There are 2 protein chains.
Amino acid sequence: MLDDRKLAVLRAIVEDYVSTHEPVGSKTLVDRHNLGVSPATIRNDMAVLEEQGYIAQPHTSAGRVPTDKGYRLFVDRLSTIKPLSAAERRAIETFLANAYDLDDVVSRTVRLLAQLTRQVAVVQYPSLTRSSVRHVELVPIASERLLLVVITNTGRVEQRAIETHEPVSDEAIAHLRALLNARLDGCWLTDVPDTLADLPEQVSAGERALATTVLSVLLESLVEKHEEKIIIGGAANLARADLSQSLRDVLEALEEQVVLMRLLGEVGDPSSLTVRIGTENPHESLRTTSVVATGYGAGDQAVARLGVLGPTRMDYPGTMGAVRAVARYVGQILAGS
Amino acid sequence: MLDDRKLAVLRAIVEDYVSTHEPVGSKTLVDRHNLGVSPATIRNDMAVLEEQGYIAQPHTSAGRVPTDKGYRLFVDRLSTIKPLSAAERRAIETFLANAYDLDDVVSRTVRLLAQLTRQVAVVQYPSLTRSSVRHVELVPIASERLLLVVITNTGRVEQRAIETHEPVSDEAIAHLRALLNARLDGCWLTDVPDTLADLPEQVSAGERALATTVLSVLLESLVEKHEEKIIIGGAANLARADLSQSLRDVLEALEEQVVLMRLLGEVGDPSSLTVRIGTENPHESLRTTSVVATGYGAGDQAVARLGVLGPTRMDYPGTMGAVRAVARYVGQILAGS
DNA sequence: CTTGGCACTCAGAGGAGAAGAGTGCCAGAT
DNA sequence: ATCTGGCACTCTTCTCCTCTGAGTGCCAAG
């Protein structure tokens, strides 16, 4: 029901609107893109596109603006992801290659994405589910307080304080530490609960309370909390975007971890990009923003997600190219470390 | 040269302007505060205050607005820090008491400050200079890659990846780890360089390269980098503030660690509050913002700083009260852990 | 199906005028 | 010597008006 020319018109409208930020009319359209027809013809096409909900008029005597549905069609069928320039690729590579630990990789990634896309970048810390335990450390820091540190093979370090509610001897701690390391070395994090299920029964009665406490903290910190850590960058780019929505609402939404989690979406196939446009977003105050996200990971299996958030009127091909490229390089870095 | 009534007028102007966000005229001033004189008298006082640079007029037929100099006088001589309500104190206490590790303390603190003051909160991670080494861990994560983890008595965990550029045996690692722990246990971080200066000479030739590499990374990560970590929260509050400056500039400044460091100022006496008003700030694009900061720490010695940033037209007594109170409670929490 | 012509609509710019808040100054009162 | 009421004056801001121009929809002809 939409012939080729109408699609070309829609594409032209999206591209023009994205670059000028102004409603685009039939005349400017034929001037800028050489469609071989007259403005009147374009007007007819526009009328159809509007009727079908792909474009809209801010007011009667203005040009057209793409709707969310219009952007959706554009992204799905009218555009191709734009590869980065060689210079950009090199810049990404060297910038990420210089990172010296996981924190640094993540913080560099978020800055990189923000700069490349000139939008707000969001990066989730790698999930622990695909990691295995490298080492467990148990350190007394006060008479009734321990610090539990778990180091994984992906270079991530989880720490957690433990209140024992009773004094604990150094021997008990050393014993438990040895036991934990013997049991867990190389163990997949997802297998930790099973592996340690019978731990309290394996220790002497005097150490049982301690073992139980440590175990519960360990399970809790590894299994529940770790997927929630997300960092954002480039918030200043929001101010440029000049969203119709109150900037404050968007900033507020961005400060809530839960919202961010849902924004990035489910961890899935890292080779596919998720694009959420305007009202497709799961949060009310992000009605005029779009999210481009993808998974990333050491191998072909995603361990977390990253993406950018910007006004619906963003340069989708370019943004998608940048997100995809950064995700790939981060994957390489993680695999290499 | 400024008599009591003129000071009272200045105080009233500041208070009114802060609460209404509108230039305040002589008539509204006598209406709202019961100074026992007529508007005309106030006008004379205002003329003097303006001549001396404490207040200014946005335009000829408008009321007066305090200048930075006016706020400075207000803060220094005309106001007292406002204590928090009992309810607020309880809220702070319970909110912070539930934190389970250092990361959590800091992130709760920043959220608390932002919420309490409805402004942007900035918290620096506790410096390591007052801490001592609790434990050093050295873990192989690849054939030529180690992870160095240092745990301090303040509950902070520093991690750093090390490239050895040559395969290292497990025995060498175990040996070095034992050596490091024996040497460093309980050692003040500031003393680490001295304590370890002769480390390379203490190991066999085969391990010397490794020891040197590890040592350099250890010193670097402990001595140089650790003071720079700062987190911010409540950026959404900036949008409400409606600064005359472009919001974007401020957001950009806030994303730069270096700027933030200089904003918070030198770590000094934790019992004193630093207030930087408008152009007193060390950064160009923060000309219309003020910073209220203070040190905090486990004992009477500050280990880091925290504060808030808001428009120059902020409620100084209330903000100062909140910052002081939060700093105290955080100190208590850190001391208790 | 496309095209040129034409009347129509409406947002936004620009200007004039009125309203109102606030000032500075002066002469008289305290 | 200081305070006060009165008054003229200065600006900003709000409203109302008109005008302009971009852009549209529709129609009849190619």
# chains A, B, ... in the order shown; residues from 1 in each chain; ligands from 1
call {"tool": "closest_atom_pairs", "arguments": {"of": "chain C", "to": "chain A", "cutoff": "7 Å", "atoms": "only C-alpha atoms (C1' of nucleotides)", "output": "CSV"}}
result
residue,atom,partner,partner_atom,distance
C:DT2,C1',A:Thr41,CA,6.5
C:DT3,C1',A:Ala40,CA,7.0
C:DT9,C1',A:Ser61,CA,6.3
C:DC10,C1',A:Ser61,CA,5.7
call {"tool": "interface_residues", "arguments": {"of": "chain D", "to": "chain A", "cutoff": "8 Å", "atoms": "only C-alpha atoms (C1' of nucleotides)", "output": "PyMOL selection string"}}
result
chain D and resi 22-24
call {"tool": "write_last_selection", "arguments": {"atoms": "C-alpha atoms (C1' of nucleotides)", "output": "compact mmCIF listing (two decimals), in the first residue's frame"}}
result
# COMPACT_ATOMS: atom_id res chain seq x y z
C1' DA D 22 5.31 28.96 4.51
C1' DG D 23 2.69 25.29 3.63
C1' DT D 24 -1.47 23.01 2.74
call {"tool": "interface_residues", "arguments": {"of": "chain B", "to": "chain A", "cutoff": "7 Å", "atoms": "only C-alpha atoms", "output": "ChimeraX atom specification"}}
result
/B:100-101,141,153,160-161,235-236,239-240,247-248,251-252
call {"tool": "select_by_dssp", "arguments": {"residues": "segment 124-279 of chain B", "states": "strand (DSSP E)", "output": "PDB file with C-alpha atoms, in the first residue's frame"}}
result
ATOM      1  CA  GLN B 124      34.482  12.078  47.260  1.00  0.00           C
ATOM      2  CA  VAL B 133      46.756  -2.173  54.689  1.00  0.00           C
ATOM      3  CA  ARG B 134      44.603  -5.032  55.859  1.00  0.00           C
ATOM      4  CA  HIS B 135      45.453  -7.526  53.181  1.00  0.00           C
ATOM      5  CA  VAL B 136      47.060  -7.822  49.778  1.00  0.00           C
ATOM      6  CA  GLU B 137      45.899 -10.386  47.285  1.00  0.00           C
ATOM      7  CA  LEU B 138      47.603 -11.387  44.069  1.00  0.00           C
ATOM      8  CA  VAL B 139      45.576 -13.521  41.721  1.00  0.00           C
ATOM      9  CA  PRO B 140      46.502 -14.876  38.304  1.00  0.00           C
ATOM     10  CA  ILE B 141      43.743 -14.279  35.789  1.00  0.00           C
ATOM     11  CA  ALA B 142      45.613 -15.241  32.623  1.00  0.00           C
ATOM     12  CA  ARG B 145      48.049 -11.197  33.684  1.00  0.00           C
ATOM     13  CA  LEU B 146      47.563 -10.749  37.402  1.00  0.00           C
ATOM     14  CA  LEU B 147      45.010  -8.993  39.504  1.00  0.00           C
ATOM     15  CA  LEU B 148      46.284  -7.042  42.466  1.00  0.00           C
ATOM     16  CA  VAL B 149      43.766  -6.385  45.226  1.00  0.00           C
ATOM     17  CA  VAL B 150      44.468  -4.275  48.264  1.00  0.00           C
ATOM     18  CA  ILE B 151      42.022  -4.237  51.141  1.00  0.00           C
ATOM     19  CA  THR B 152      42.286  -1.450  53.672  1.00  0.00           C
ATOM     20  CA  VAL B 157      39.132  -2.346  48.114  1.00  0.00           C
ATOM     21  CA  GLU B 158      41.513  -1.251  45.394  1.00  0.00           C
ATOM     22  CA  GLN B 159      42.001  -3.492  42.405  1.00  0.00           C
ATOM     23  CA  ARG B 160      44.327  -3.262  39.490  1.00  0.00           C
ATOM     24  CA  ALA B 161      45.259  -5.509  36.608  1.00  0.00           C
ATOM     25  CA  ILE B 162      48.940  -6.162  35.974  1.00  0.00           C
ATOM     26  CA  GLU B 163      50.521  -7.194  32.702  1.00  0.00           C
ATOM     27  CA  ILE B 230      34.031  11.216  43.045  1.00  0.00           C
ATOM     28  CA  ILE B 231      30.407  10.521  42.458  1.00  0.00           C
ATOM     29  CA  ILE B 232      27.538  12.899  41.946  1.00  0.00           C
ATOM     30  CA  GLY B 233      23.802  12.574  42.293  1.00  0.00           C
ATOM     31  CA  LEU B 273      32.220  24.320  56.113  1.00  0.00           C
ATOM     32  CA  THR B 274      33.530  25.815  52.914  1.00  0.00           C
ATOM     33  CA  VAL B 275      31.142  27.978  50.942  1.00  0.00           C
ATOM     34  CA  ARG B 276      32.109  29.129  47.476  1.00  0.00           C
ATOM     35  CA  ILE B 277      29.772  31.600  45.919  1.00  0.00           C
TER      36      ILE B 277
END
call {"tool": "select_by_dssp", "arguments": {"residues": "segment 13-188 of chain B", "states": "alpha helix (DSSP H)", "output": "number ranges by chain"}}
result
B: 13-20, 26-32, 39-51, 68-73, 86-97, 102-117, 170-184
call {"tool": "closest_residue", "arguments": {"among": "C:DC26, C:DA13, C:DA21, C:DC1", "to": "DT12 of chain D", "atoms": "only C-alpha atoms (C1' of nucleotides)"}}
result
C:DA21
call {"tool": "atom_distance", "arguments": {"atom1": "atom CA of His283 of chain A", "atom2": "atom CA of Glu256 of chain A"}}
result
11.2 Å
call {"tool": "residues_around", "arguments": {"residues": "segment 180-184 of chain A", "least_positions_apart": "2", "cutoff": "8 Å", "atoms": "only C-alpha atoms (C1' of nucleotides)", "output": "ChimeraX atom specification"}}
result
/A:133,135-136,176-178,186-187,192,195-196
call {"tool": "closest_residue", "arguments": {"among": "A:Leu306, A:Met1, A:Val217, A:Leu7", "to": "Val330 of chain A", "atoms": "only C-alpha atoms"}}
result
A:Leu306
call {"tool": "residues_around", "arguments": {"residues": "DA19 of chain C", "least_positions_apart": "3", "cutoff": "12 Å", "atoms": "only C-alpha atoms (C1' of nucleotides)", "output": "PyMOL selection string"}}
result
chain D and resi 12-15
call {"tool": "residues_around", "arguments": {"residues": "Gly278 of chain A", "least_positions_apart": "5", "cutoff": "7 Å", "atoms": "only C-alpha atoms (C1' of nucleotides)", "output": "ChimeraX atom specification"}}
result
/A:68,286-290,312
call {"tool": "write_last_selection", "arguments": {"atoms": "C-alpha atoms", "output": "PDB file, in the first residue's frame"}}
result
ATOM      1  CA  ASP A  68       7.158   7.231  16.191  1.00  0.00           C
ATOM      2  CA  LEU A 286      10.861   9.033  28.036  1.00  0.00           C
ATOM      3  CA  ARG A 287       8.098   9.511  25.528  1.00  0.00           C
ATOM      4  CA  THR A 288      10.202  11.729  23.301  1.00  0.00           C
ATOM      5  CA  THR A 289      13.411   9.762  23.510  1.00  0.00           C
ATOM      6  CA  SER A 290      14.700   6.731  21.704  1.00  0.00           C
ATOM      7  CA  THR A 312      13.488  10.392  18.879  1.00  0.00           C
TER       8      THR A 312
END
call {"tool": "atom_distance", "arguments": {"atom1": "atom CA of Lys6 of chain A", "atom2": "atom CA of Val48 of chain A"}}
result
8.5 Å
call {"tool": "residues_around", "arguments": {"residues": "Glu93 of chain B", "least_positions_apart": "5", "cutoff": "10 Å", "atoms": "only C-alpha atoms (C1' of nucleotides)", "output": "PyMOL selection string"}}
result
chain B and resi 87-88+98+325-326+329-330+332-333
call {"tool": "decode", "arguments": {"residues": "chain D", "atoms": "C-alpha atoms (C1' of nucleotides)", "output": "PDB file, in the first residue's frame"}}
result
ATOM      1  C1'  DA D   1      20.272  64.166  61.566  1.00  0.00           C
ATOM      2  C1'  DT D   2      17.102  60.949  60.180  1.00  0.00           C
ATOM      3  C1'  DC D   3      12.782  59.485  58.544  1.00  0.00           C
ATOM      4  C1'  DT D   4       8.645  59.993  55.699  1.00  0.00           C
ATOM      5  C1'  DG D   5       5.108  60.866  52.139  1.00  0.00           C
ATOM      6  C1'  DG D   6       4.527  62.523  47.674  1.00  0.00           C
ATOM      7  C1'  DC D   7       5.488  62.601  42.964  1.00  0.00           C
ATOM      8  C1'  DA D   8       7.490  62.308  38.505  1.00  0.00           C
ATOM      9  C1'  DC D   9      10.023  59.115  35.837  1.00  0.00           C
ATOM     10  C1'  DT D  10      11.828  54.838  33.877  1.00  0.00           C
ATOM     11  C1'  DC D  11      11.581  50.553  32.369  1.00  0.00           C
ATOM     12  C1'  DT D  12       9.867  45.852  31.647  1.00  0.00           C
ATOM     13  C1'  DT D  13       6.099  43.102  30.540  1.00  0.00           C
ATOM     14  C1'  DC D  14       1.617  41.958  28.947  1.00  0.00           C
ATOM     15  C1'  DT D  15      -1.847  42.246  25.565  1.00  0.00           C
ATOM     16  C1'  DC D  16      -3.728  43.159  21.377  1.00  0.00           C
ATOM     17  C1'  DC D  17      -3.247  44.000  16.667  1.00  0.00           C
ATOM     18  C1'  DT D  18      -1.696  43.366  12.033  1.00  0.00           C
ATOM     19  C1'  DC D  19       1.049  41.467   8.559  1.00  0.00           C
ATOM     20  C1'  DT D  20       3.795  38.130   6.390  1.00  0.00           C
ATOM     21  C1'  DG D  21       4.920  33.790   4.553  1.00  0.00           C
ATOM     22  C1'  DA D  22       5.305  28.963   4.513  1.00  0.00           C
ATOM     23  C1'  DG D  23       2.693  25.291   3.627  1.00  0.00           C
ATOM     24  C1'  DT D  24      -1.473  23.013   2.736  1.00  0.00           C
ATOM     25  C1'  DG D  25      -5.756  20.978   0.258  1.00  0.00           C
ATOM     26  C1'  DC D  26      -8.393  20.890  -3.626  1.00  0.00           C
ATOM     27  C1'  DC D  27      -9.518  21.193  -8.419  1.00  0.00           C
ATOM     28  C1'  DA D  28      -9.411  21.024 -13.211  1.00  0.00           C
ATOM     29  C1'  DA D  29      -6.461  20.202 -16.980  1.00  0.00           C
ATOM     30  C1'  DG D  30      -2.578  17.628 -19.105  1.00  0.00           C
TER      31       DG D  30
END
